Amino acid sequence: MKKRFTLPIWLRNTFAFLSIIGPGIITASADNDAPGIATYSVAGSKYGYSFIWIILLITIGEVIIQEMAARMGAVTGKGTADLIRERFGVKTTAFAMLCLLIANLGTTVAEFAGVAAAGELFGINRLITVPLAGLLITLIVLRGNYKSVEKILLVLCLSSLSYVITVFVIKPEWGMVLQAAVKPQIQMNSDYMISVLAVIGTTITPWGIFYLQASVADKGVDLNKYGDTRTDVVFGSMWGNIISAFIIITTAATLFSNGIVVNSAEEAALALKPLAGEASSLLFAVGLLGASLLAVSVLPLSTTYAICEAFGFERGLNRNVKDAPIFYTIFGGIMLISMLLAMFPKMPLFQIMVLSQTVNAILLPVILILVLILANDKILMGSWANKKGTNYLAVCLTIIIFFATIILVVTQFLPA
């Protein structure tokens, strides 16, 4: 009798883990988008490793907030916007949706600009890469259901591995990295504080909350298996921020140590070539392209989900165009407008990105307060309502972000 072959336990555990990941890691990976990579690159080139400890703190905050959103999606089967409309009324919802639309449209333009910049690093004109990316993503969304789209987005998440490889190619001084992680270095000047706020703002976002909860609701997560979703969210938040840290490490080890400060992700990729070799530059560009494509897919979907939920339109990737015409029309409209704006050679993309981040900063504390109220509603959530420990941490985080928002918004109107 032949001996039956069985997979090693570690391999079976790996396959079991891979089977449960989805919305959590997609949302966290999409946070490392073109504006995000630009923010981390600027921080690393300007302040070296001193931002690593901030990433550790942000990871805790992101886990708390994203887990609340996922739990509400699993318990209620509804998205954030849907619950806000039911609990707080149409006026509050309309204000939140207007802010979200403005912020997400601006950020989606910035994502297409990231696609254009990455293409140009490979010698391909933006008039080719932007329409091609837009067409490809639109076809995927129109022709696929939730499961098929999720698989494609998970593949795009793998592009972030390029930053992991880049770090090991350049071989940073790990002792200095570890020291920066456990020994905070704070500079009390406005430029440093604005950079800190920008890093927080590009990691914890309103659209991330809306997208994650809508995805969990759309996926139809069984509450008996919610532990798998929680694992996905926690791992996703940790993984996304590990990648953020690796981007900072890459630029700190090469650019900061040579006194080179960059203002964008594409500048960082170009600056890496003479310092760390062409391979590092190409890997950085690959990460930028993959991250931009992922975010270009997720951001319009996040906006579309939220608006349709808020005003009671049929929505979801498991419905076809005939069943959810408004859902697909809004998605197509956002994609088309963003593509056209990104293709204009003289379009002020940096200003658009700053505007979108400012609106996001204004919206985030409002959304966090509403989410906290909903997550503590015993009638809505039952035994799944927030525990005291979660509330303490979430309230502290909301207060910090509220004051950070005030500082960030005020600095936008101060003279340079």
# chains A, B, ... in the order shown; residues from 1 in each chain; ligands from 1
>>> residues_around(residues="A:Val296", least_positions_apart="6", cutoff="9 Å", atoms="only C-alpha atoms", output="list in words")
Ala30, Asp33, Thr107, Thr108, Val109, Glu111, Phe112, Val115, Ala133, Gly134, Ile137 and Met335 of chain A
>>> write_last_selection(atoms="C-alpha atoms", output="PDB file, in the first residue's frame")
ATOM      1  CA  ALA A  30      -3.850  50.665  -1.411  1.00  0.00           C
ATOM      2  CA  ASP A  33      -0.498  54.739  -3.159  1.00  0.00           C
ATOM      3  CA  THR A 107      -6.606  61.464  -5.013  1.00  0.00           C
ATOM      4  CA  THR A 108      -7.679  59.300  -7.973  1.00  0.00           C
ATOM      5  CA  VAL A 109      -6.208  61.920 -10.323  1.00  0.00           C
ATOM      6  CA  GLU A 111      -3.063  57.866  -8.665  1.00  0.00           C
ATOM      7  CA  PHE A 112      -3.322  58.153 -12.442  1.00  0.00           C
ATOM      8  CA  VAL A 115       0.713  55.503 -13.256  1.00  0.00           C
ATOM      9  CA  ALA A 133      -4.630  51.471 -17.178  1.00  0.00           C
ATOM     10  CA  GLY A 134      -8.096  53.047 -17.013  1.00  0.00           C
ATOM     11  CA  ILE A 137      -9.325  48.371 -14.643  1.00  0.00           C
ATOM     12  CA  MET A 335     -12.446  56.950 -13.854  1.00  0.00           C
TER      13      MET A 335
END
>>> residues_around(residues="A:Phe51", least_positions_apart="5", cutoff="12 Å", atoms="only C-alpha atoms", output="JSON, numbers by chain")
{"A": [39, 40, 41, 42, 43, 44, 45, 46, 56, 57, 58, 177, 178, 179, 180, 181, 182, 183, 184, 185, 186, 187, 192, 193, 195, 196, 197, 198, 199, 200, 241, 244, 245, 246, 247, 248, 249, 251, 252]}
>>> closest_residue(among="A:Phe327, A:Leu154, A:Ile367, A:Asn391", to="A:Gly236", atoms="only C-alpha atoms")
A:Leu154
>>> closest_residue(among="A:Val359, A:Ala214, A:Ile379, A:Val233", to="A:Tyr305", atoms="only C-alpha atoms")
A:Ala214
>>> closest_atom_pairs(of="stretch 265-338 of chain A", to="stretch 71-94 of chain A", cutoff="9 Å", atoms="only C-alpha atoms", output="tab-separated table")
residue	atom	partner	partner_atom	distance
A:Tyr305	CA	A:Gly79	CA	7.8
A:Ala306	CA	A:Ala81	CA	5.3
A:Ile307	CA	A:Ala81	CA	7.3
A:Cys308	CA	A:Ala81	CA	8.4
A:Glu309	CA	A:Asp82	CA	4.7
A:Ala310	CA	A:Ala81	CA	4.9
A:Phe311	CA	A:Asp82	CA	7.9
A:Gly312	CA	A:Asp82	CA	7.6
>>> select_by_dssp(residues="stretch 88-227 of chain A", states="alpha helix (DSSP H)", output="ChimeraX atom specification")
/A:88,90-121,126-143,146-157,161-170,174-182,190-203,206-219,226-227
>>> residues_around(residues="A:Glu266", least_positions_apart="6", cutoff="8 Å", atoms="only C-alpha atoms", output="list in words")
Ala38, Ala117, Ala118, Leu121 and Ala285 of chain A
>>> write_last_selection(atoms="C-alpha atoms", output="PDB file, in the first residue's frame")
ATOM      1  CA  ALA A  38       5.693  60.365  -2.274  1.00  0.00           C
ATOM      2  CA  ALA A 117       5.078  58.867 -13.762  1.00  0.00           C
ATOM      3  CA  ALA A 118       5.911  55.161 -13.410  1.00  0.00           C
ATOM      4  CA  LEU A 121      10.325  56.007 -15.805  1.00  0.00           C
ATOM      5  CA  ALA A 285       9.427  52.236 -10.102  1.00  0.00           C
TER       6      ALA A 285
END
>>> atom_distance(atom1="atom CA of A:Gly227", atom2="atom CA of A:Leu100")
29.8 Å
>>> atom_distance(atom1="atom CA of A:Pro131", atom2="atom CA of A:Met339")
6.7 Å
>>> atom_distance(atom1="atom CA of A:Gly290", atom2="atom CA of A:Thr166")
14.8 Å
